[in-house]
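Undergrad: Dropping a structure here in structure tokens format, bear with me for questions.
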Amino acid sequence: MSATAMPESTSWQGSFWLPQNASPLTGGQDALFYFIYYLSVFFFIVVVGFMVYFAWKYRKKKEGEKTPDIHGNTKLEIIWSVIPGILFIVIFIWGFRDWVSLNQPPQDAMEVRVTGRKWDWSFLDVKTGAETSDLFVPVNKAVLLTMSSADVIHGFYVPDFRINRDVLPTMYTKLWFKAEKEGNYPILCTQYCGTKHSQMVRYVRVVSEEEYQKQMIAAQGAGLTPAQLGKKIFEGKGACASCHSVTKERTRLVGPPLYGAYGTDHKILIPPSNKEETIKFDDNYIRKSILEPNYRGVPGYALIMPSYQGQLNDKELSALAEYIKSLKE
Amino acid sequence: MLTSHHDAGSNYLNAKKGFMSWLFTVDHKRIGIMYFVSIGVFFLVAGLFALLLRAELMQVRIPDATATSYMISADHYNEAFTFHGAIMVFLVIIPSIPATLGNFLLPLMIGAKDVAFPKLNLISYHLYIVGALFLVYTVAFGGLDTGWTFYTPYSTQTSTSVIAAVFGAFILGFASILTGVNFIVTVHKMRAPGMTWVRMPLFVWAIYATSVIQVLATPVVGVTLILVAIERLLGIGIFDSTLGGDPILFQNFFWFYSHPAVYIMILPAFGLVSEMITAHSRKSIFGYKAVAISSIGIAVIGFFVWGHHMFTSGQSALASVFFSLLTYGVAVPTAIKVFSWVATLYKGSISFTTPMCYTFVFLFLFLIGGLTGIFLGALSTDVHLHNTYFVVAHFHYVMMGGTIIAWIGAVFHWWPKMTGKKYSETWGIISSVVVFIGFNLTFFPQFVMGTRGMPRRYYDYLPEYYNFHLLSSIGSFVLAIGLFIVLFTWLHSIFYGEKETRSNPWRAKSIDWTDTAVVPIEHNFEKQPISSHGPYEFDELVKPAKAGEH
């Protein structure tokens, strides 16, 4: 798994208008989509057809032409009010029926907790306790997602499943799907959330039952050293890698680079006066910066890091410190 | 009515001279012209931001991007789409028709010598400029990256200058409210003798309905934006859930205004189309009462559909059901209007003038905009399309293809009355064709991208959407060329155009044409007009107006 969300080149699978539908039972919206589509094409042709025909037939032939005094036609007006009215009611009811199934997950669904944060997703498999950056699910199994955000509002959207719902801070929203075909399906963020909104791309990886079990065991993190666990959190659950580079080049991303930072003297600004201070970049500094990032500023960077208070436990914080410590030659 | 004596050649343009005579005028016509120039400048600025966005999106992005393949940074991209949206909504489309043509035409159409409160009208304009300066400040100095929607908690957490921007929008809200109050009173109290409600031109009906929405809805967004500022400044939890607030509450407040605002934007355009389609086909409007009442119907029902912006937001699933049903309640009167316009053409005497060409462009584009709204109003299909380019394309077809196109067409239509000059019909028609092609090329591919799952406000995108983005970007340049042709046609007419000598070149039947001079005098009418017939009674044979005739 790569450090930051890395989309894959995919060939288009789907019709001209819609992507493939890998979870047809969720909402079953495609039938309604095409119903409205053909209705729209029909009415478009009728209205534009009449417009063009009238425009041509009744084009002005000479100055001062007399035109008939037509003020309306009650019968016609009633017809063209009632027919769209009936069609709209049909569409409404149809949309309502799909809506019910979209909002009613099957009883036997397996549960996954989803956390969105700037700017990555993490997934906690409820049964095994495994945490992953991509969502691994077995094929032909209903999945219920319980989602919340660690910071601002995000949107969880899988076009190939026709599911889309906002992910809110301090509240839970739910979605469900049942993928019927193995494959990798992109997850896109649909609620604008800042700098890397468009790069929050992860995948639903629909795999066989055996492969799913294998992935969960691997993800449970048995036998990792603290630094290895720290790396996993850094790239996965914490989404630290989307803002901090860890390579030798010390690439500038949204936040300061961390390579070689441990043990150095570090300049910080203390708000509100922004007085400059020098501090040792040590375990305590790392811990405090993760839990209360805005107690200080780093010269040249905006104060935008969200707090991880309550989201990482002591073991995880220590693991992150070990990992950052290991970033040196 | 007239107290001042004036020369034969005197009109509202030349009666007083100098910059100050414009800046502090209380003449509704001059205020309309000043709005027109100001809004035009902001339209140009917002358009340039749009071109910047489209140019950025022409390059394929992830997964092949390297540091050098980015034209502007992600943060600058986010600011650019915020500026484009905020300027277009708050400074251009909302005031576009009511503040320019509404100001210019409303008293002329009902036979009044000005609006009810001329000084209030001037204050509205000055407030507009002050509010605009706040937004200009954020563009130039502070930056703003929230999107025009200011969704919390992002807007209470970002480090960009949200406070200046919401304060600007708050002041602009007052400009809008005062204009609304002014117009409502004008329509109630200032109509000429004989001008009954059913003899009012449909543009007056549309402006009236619009004003009601402005007065009722705008205070809500004003208060909401102030609450965002309070939350940022004082840290009081209103919308930010970490402080105990509710982020969806903001969305409810915001759309409670911003959905009716859609009708503030489109209803005046409906009115203009009714005027243009009747004048250039020499036919009475088909179903006057249905068209007039549907404006009011849309204004009223439009207040109860805001939740259709929030089907995927996490709001109650049951609430969504009612919002969906009510949404279709607005769709019916809109459909009635479209059918009525097309039926008006039947057995007419249709001239292919520039305003008429723009009217045809409007009907074509608005029809697509309206039909694609049906996909978004249905609960289940909206889930797949929400916050994708399908939505972007839909509202551009309605707002740009509807409102802006009708506005441009109508400016051509009343151009002789406003300036006393003729414009080049050839270039006017060419502009409408180029705009039509450019518009469809820009926005139609966005429907396809959207149904295929391309989310909006994306700086980077998956490679499978590249071809559609490329087409859309090329289209945006064609559209820009079309709009520049419009600008040059107008500038050419002002500086080199032939003088208009006929007071009623389209031989229209409403008072703004029949009872005014070639260019209206300061107090609009030489003598009090009296309305003795409806605005569209073209059935009697009208002799072509002679040169120089008033």
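Each chain in the structure tokens gets a letter, A, B, ..., in the order shown, and its residues are numbered from 1; ligands are numbered from 1 in order too.
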Neighbours of Ala269 (chain B) within 8 Å (only C-alpha atoms; same-chain residues fewer than 3 positions away dropped), as a PDB file with N, CA and C atoms, in the first residue's frame?
TA:
```pdb
ATOM      1  N   ILE B  97     -30.398  41.112 -13.449  1.00  0.00           N
ATOM      2  CA  ILE B  97     -31.564  41.652 -14.148  1.00  0.00           C
ATOM      3  C   ILE B  97     -32.357  42.633 -13.280  1.00  0.00           C
ATOM      4  N   MET B 265     -32.781  34.721  -9.246  1.00  0.00           N
ATOM      5  CA  MET B 265     -31.953  34.778 -10.442  1.00  0.00           C
ATOM      6  C   MET B 265     -32.756  34.487 -11.709  1.00  0.00           C
ATOM      7  N   ILE B 266     -33.652  33.508 -11.672  1.00  0.00           N
ATOM      8  CA  ILE B 266     -34.258  33.058 -12.936  1.00  0.00           C
ATOM      9  C   ILE B 266     -35.601  33.725 -13.231  1.00  0.00           C
ATOM     10  N   LEU B 272     -38.257  38.692 -18.912  1.00  0.00           N
ATOM     11  CA  LEU B 272     -37.647  39.276 -20.111  1.00  0.00           C
ATOM     12  C   LEU B 272     -37.980  38.460 -21.344  1.00  0.00           C
ATOM     13  N   VAL B 273     -37.946  37.129 -21.189  1.00  0.00           N
ATOM     14  CA  VAL B 273     -38.232  36.276 -22.348  1.00  0.00           C
ATOM     15  C   VAL B 273     -39.663  36.501 -22.822  1.00  0.00           C
ATOM     16  N   GLY B 402     -29.765  30.351 -18.843  1.00  0.00           N
ATOM     17  CA  GLY B 402     -31.058  30.991 -18.625  1.00  0.00           C
ATOM     18  C   GLY B 402     -30.885  32.469 -18.362  1.00  0.00           C
ATOM     19  N   THR B 403     -30.453  32.797 -17.149  1.00  0.00           N
ATOM     20  CA  THR B 403     -30.447  34.185 -16.720  1.00  0.00           C
ATOM     21  C   THR B 403     -29.526  35.073 -17.568  1.00  0.00           C
ATOM     22  N   ALA B 406     -30.708  35.489 -21.235  1.00  0.00           N
ATOM     23  CA  ALA B 406     -31.886  36.363 -21.335  1.00  0.00           C
ATOM     24  C   ALA B 406     -31.476  37.817 -21.088  1.00  0.00           C
ATOM     25  N   TRP B 407     -30.565  38.004 -20.166  1.00  0.00           N
ATOM     26  CA  TRP B 407     -30.101  39.348 -19.833  1.00  0.00           C
ATOM     27  C   TRP B 407     -29.409  39.995 -21.035  1.00  0.00           C
TER      28      TRP B 407
END
```
Undergrad: List the spatial neighbours of Met147 (chain A) as a PyMOL selection string - criterion: any atom at most 6 Å away, only C-alpha atoms, same-chain residues fewer than 4 positions off excluded.
TA: chain A and resi 113-115+167+172-173
Undergrad: Counting only C-alpha atoms, which of A:Ser23, A:Tyr301, A:Ile324, A:Ile153 gets nearest to Phe150 (chain B)?
TA: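 Counting only C-alpha atoms, the residue closest to Phe150 (chain B) is A:Ile153.
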Undergrad: Counting only C-alpha atoms, which residues of chain B sit at most 7 Å from some atom of chain A, and what is each one's closest atom pair with its distance in Å to one decimal, listed by chain and rising residue number, as CSV?
TA:
```
residue,atom,partner,partner_atom,distance
B:Ile62,CA,A:Pro7,CA,6.8
B:Pro63,CA,A:Pro7,CA,5.9
B:Ala74,CA,A:Thr195,CA,5.7
B:Asp75,CA,A:Thr195,CA,5.5
B:Pro153,CA,A:Val152,CA,5.6
B:Tyr154,CA,A:Val152,CA,5.5
B:Ser241,CA,A:Thr170,CA,6.3
B:Arg282,CA,A:Thr67,CA,6.8
B:Lys283,CA,A:Thr67,CA,6.5
B:Ser284,CA,A:His71,CA,6.1
B:Ile285,CA,A:His71,CA,6.5
B:Phe286,CA,A:Gly72,CA,4.7
B:Gly287,CA,A:Gly72,CA,4.4
B:Thr312,CA,A:Arg165,CA,4.7
B:Ser313,CA,A:Asp166,CA,5.0
B:Gly314,CA,A:Thr173,CA,6.1
B:Val321,CA,A:Phe96,CA,6.8
B:Ser324,CA,A:Phe92,CA,7.0
B:Leu325,CA,A:Phe92,CA,6.3
B:Tyr328,CA,A:Phe88,CA,6.1
B:Val332,CA,A:Gly85,CA,6.1
B:Ile336,CA,A:Ser81,CA,6.2
B:Val342,CA,A:Met51,CA,5.7
B:Leu345,CA,A:Phe54,CA,6.0
B:Tyr346,CA,A:Phe54,CA,5.8
B:Lys347,CA,A:Tyr58,CA,5.7
B:Gly348,CA,A:Tyr58,CA,5.6
B:Ser349,CA,A:Lys60,CA,4.5
B:Ile350,CA,A:Arg59,CA,4.4
B:Ser351,CA,A:Lys60,CA,5.5
B:Phe364,CA,A:Val48,CA,6.7
B:Leu367,CA,A:Phe44,CA,7.0
B:Leu371,CA,A:Ser40,CA,5.8
B:Phe375,CA,A:Ile36,CA,6.7
B:Ala378,CA,A:Gly95,CA,5.1
B:Leu379,CA,A:Gly95,CA,4.9
B:Ser380,CA,A:Gly95,CA,5.0
B:Thr381,CA,A:Gln29,CA,5.6
B:Val383,CA,A:Asn164,CA,5.7
B:His384,CA,A:Arg162,CA,5.0
B:Asn387,CA,A:Thr190,CA,5.8
B:Val448,CA,A:Trp17,CA,5.9
B:Thr451,CA,A:Leu18,CA,5.6
B:Arg452,CA,A:Leu18,CA,5.0
B:Gly453,CA,A:Pro159,CA,5.2
B:Pro455,CA,A:Thr190,CA,5.7
B:Arg457,CA,A:Tyr192,CA,6.6
B:Tyr458,CA,A:Ser198,CA,4.8
B:Tyr459,CA,A:Ser198,CA,5.9
B:Asp460,CA,A:Ser198,CA,5.5
B:Tyr461,CA,A:Ser198,CA,6.7
B:Pro463,CA,A:Ser9,CA,6.8
B:Glu464,CA,A:Trp12,CA,6.6
B:Asp539,CA,A:Asp69,CA,5.2
B:Leu541,CA,A:Lys66,CA,5.8
B:Val542,CA,A:Gly64,CA,6.4
B:Lys543,CA,A:Gly64,CA,6.7
B:Pro544,CA,A:Gly64,CA,6.9
```
Undergrad: Can you measure CA of Lys127 (chain A) to CA of Leu175 (chain A) for me? One decimal in Å is fine.
TA: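 The value is 17.7 Å.
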Undergrad: Would you list the contacts of Val434 (chain B) as a ChimeraX atom specification, taking every protein, DNA or RNA residue within 8 Å and counting only C-alpha atoms, but skipping same-chain residues closer than 5 positions in sequence?
TA: /B:478-479,481-482
Undergrad: Mind the document's chain letters and residue numbers, and return as a list of chain:residue names the residues of region 289-523 of chain B that DSSP labels strand (DSSP E or B).
TA: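 Here is the list: B:Ile350, B:Thr388, B:Lys421, B:Pro455, B:Lys499, B:Ile521.
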Undergrad: Do a neighbour search on Ile268 (chain A) at 6 Å with only C-alpha atoms, toss out local chain neighbours closer than 3 positions, and write the hits as a list in words.
TA: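 Within the cut-off, the hits are Glu276, Glu277, Gly297 and Val298 of chain A.
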Undergrad: Quick one: of A:Leu224, A:Leu135, A:Ala218, A:Leu317, who's nearest to Asn184 (chain A), counting only C-alpha atoms?
TA: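 For Asn184 (chain A), the nearest of the given residues is A:Leu135.
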Undergrad: Calculated over only C-alpha atoms, which of the candidates A:Tyr308, A:Trp119, A:Tyr203, A:Tyr323 has the smallest distance to Ser133 (chain A)?
TA: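 Comparing A:Tyr308, A:Trp119, A:Tyr203, A:Tyr323 against Ser133 (chain A), the winner is A:Tyr203.
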Undergrad: Give me the residues near Leu57 (chain B) as number ranges by chain, where near means some atom within 12 Å (using only C-alpha atoms) and where sequence neighbours in that chain fewer than 4 positions away do not count.
TA: B: 50-53, 61-62, 69-74, 77, 81, 456-463, 465-474, 476
Undergrad: Could you turn the residues from that selection into a file that holds C-alpha atoms, as a PDB file, in the first residue's frame?
TA:
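Once everything was written out, this is again-v7.pdb:
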```pdb
ATOM      1  CA  ALA B  50     -13.535  30.494 -14.866  1.00  0.00           C
ATOM      2  CA  LEU B  51     -11.090  30.449 -17.773  1.00  0.00           C
ATOM      3  CA  LEU B  52      -8.236  29.967 -15.313  1.00  0.00           C
ATOM      4  CA  LEU B  53     -10.045  26.933 -13.847  1.00  0.00           C
ATOM      5  CA  ARG B  61      -3.600  14.851 -13.541  1.00  0.00           C
ATOM      6  CA  ILE B  62      -3.306  11.941 -11.205  1.00  0.00           C
ATOM      7  CA  SER B  69       2.592  19.700 -14.480  1.00  0.00           C
ATOM      8  CA  TYR B  70       0.522  21.943 -12.241  1.00  0.00           C
ATOM      9  CA  MET B  71      -0.220  25.384 -13.611  1.00  0.00           C
ATOM     10  CA  ILE B  72      -1.479  26.757 -10.299  1.00  0.00           C
ATOM     11  CA  SER B  73      -1.366  25.201  -6.844  1.00  0.00           C
ATOM     12  CA  ALA B  74      -4.300  23.334  -5.321  1.00  0.00           C
ATOM     13  CA  TYR B  77      -7.351  26.527  -7.604  1.00  0.00           C
ATOM     14  CA  PHE B  81     -13.420  28.491  -7.943  1.00  0.00           C
ATOM     15  CA  ARG B 456     -17.137  18.901  -8.444  1.00  0.00           C
ATOM     16  CA  ARG B 457     -14.497  21.243  -6.951  1.00  0.00           C
ATOM     17  CA  TYR B 458     -11.731  18.849  -8.013  1.00  0.00           C
ATOM     18  CA  TYR B 459      -8.284  20.107  -8.795  1.00  0.00           C
ATOM     19  CA  ASP B 460      -7.092  16.631  -9.722  1.00  0.00           C
ATOM     20  CA  TYR B 461      -9.159  13.938 -11.361  1.00  0.00           C
ATOM     21  CA  LEU B 462      -8.989  10.336 -12.486  1.00  0.00           C
ATOM     22  CA  PRO B 463      -7.653   9.948 -16.033  1.00  0.00           C
ATOM     23  CA  TYR B 465     -12.492  11.989 -17.336  1.00  0.00           C
ATOM     24  CA  TYR B 466      -9.753  13.692 -19.322  1.00  0.00           C
ATOM     25  CA  ASN B 467     -11.434  13.846 -22.736  1.00  0.00           C
ATOM     26  CA  PHE B 468     -14.546  15.458 -21.324  1.00  0.00           C
ATOM     27  CA  HIS B 469     -12.515  18.047 -19.439  1.00  0.00           C
ATOM     28  CA  LEU B 470     -10.576  18.848 -22.583  1.00  0.00           C
ATOM     29  CA  LEU B 471     -13.760  19.386 -24.614  1.00  0.00           C
ATOM     30  CA  SER B 472     -15.210  21.509 -21.858  1.00  0.00           C
ATOM     31  CA  SER B 473     -12.113  23.702 -21.674  1.00  0.00           C
ATOM     32  CA  ILE B 474     -12.065  24.238 -25.427  1.00  0.00           C
ATOM     33  CA  SER B 476     -15.059  27.708 -22.515  1.00  0.00           C
TER      34      SER B 476
END
```
Undergrad: What is the CA of Ile298 (chain B) to CA of Trp197 (chain B) distance in Å?
TA: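 Taking CA of Ile298 (chain B) as the start and CA of Trp197 (chain B) as the end point, the length is 18.2 Å.
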Undergrad: If we count only C-alpha atoms, what is near region 139-144 of chain A at a cut-off of 6 Å, once residues fewer than 4 positions away on the same chain are taken out, given as JSON, numbers by chain?
TA: {"A": [109, 110, 111, 175, 176, 177, 178, 179, 180, 206, 207, 208]}
Undergrad: Keeping only C-alpha atoms, write the selected residues as a CSV table (one decimal), in the first residue's frame.
TA:
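Result file follows (again_31.csv):
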```csv
chain,number,residue,atom,x,y,z
A,109,ALA,CA,-24.6,-7.0,6.7
A,110,MET,CA,-21.1,-7.0,8.0
A,111,GLU,CA,-20.1,-3.8,9.7
A,175,LEU,CA,-24.5,3.6,3.9
A,176,TRP,CA,-24.7,0.1,2.6
A,177,PHE,CA,-23.8,-1.9,-0.5
A,178,LYS,CA,-23.4,-5.4,-1.7
A,179,ALA,CA,-20.8,-5.8,-4.4
A,180,GLU,CA,-21.5,-8.6,-6.8
A,206,VAL,CA,-13.9,-6.4,-3.5
A,207,VAL,CA,-12.1,-9.8,-3.1
A,208,SER,CA,-12.8,-13.4,-2.5
```
Undergrad: How far is it from CA of Gly131 (chain B) to CA of Phe253 (chain B), in Å with one decimal?
TA: 20.9 Å
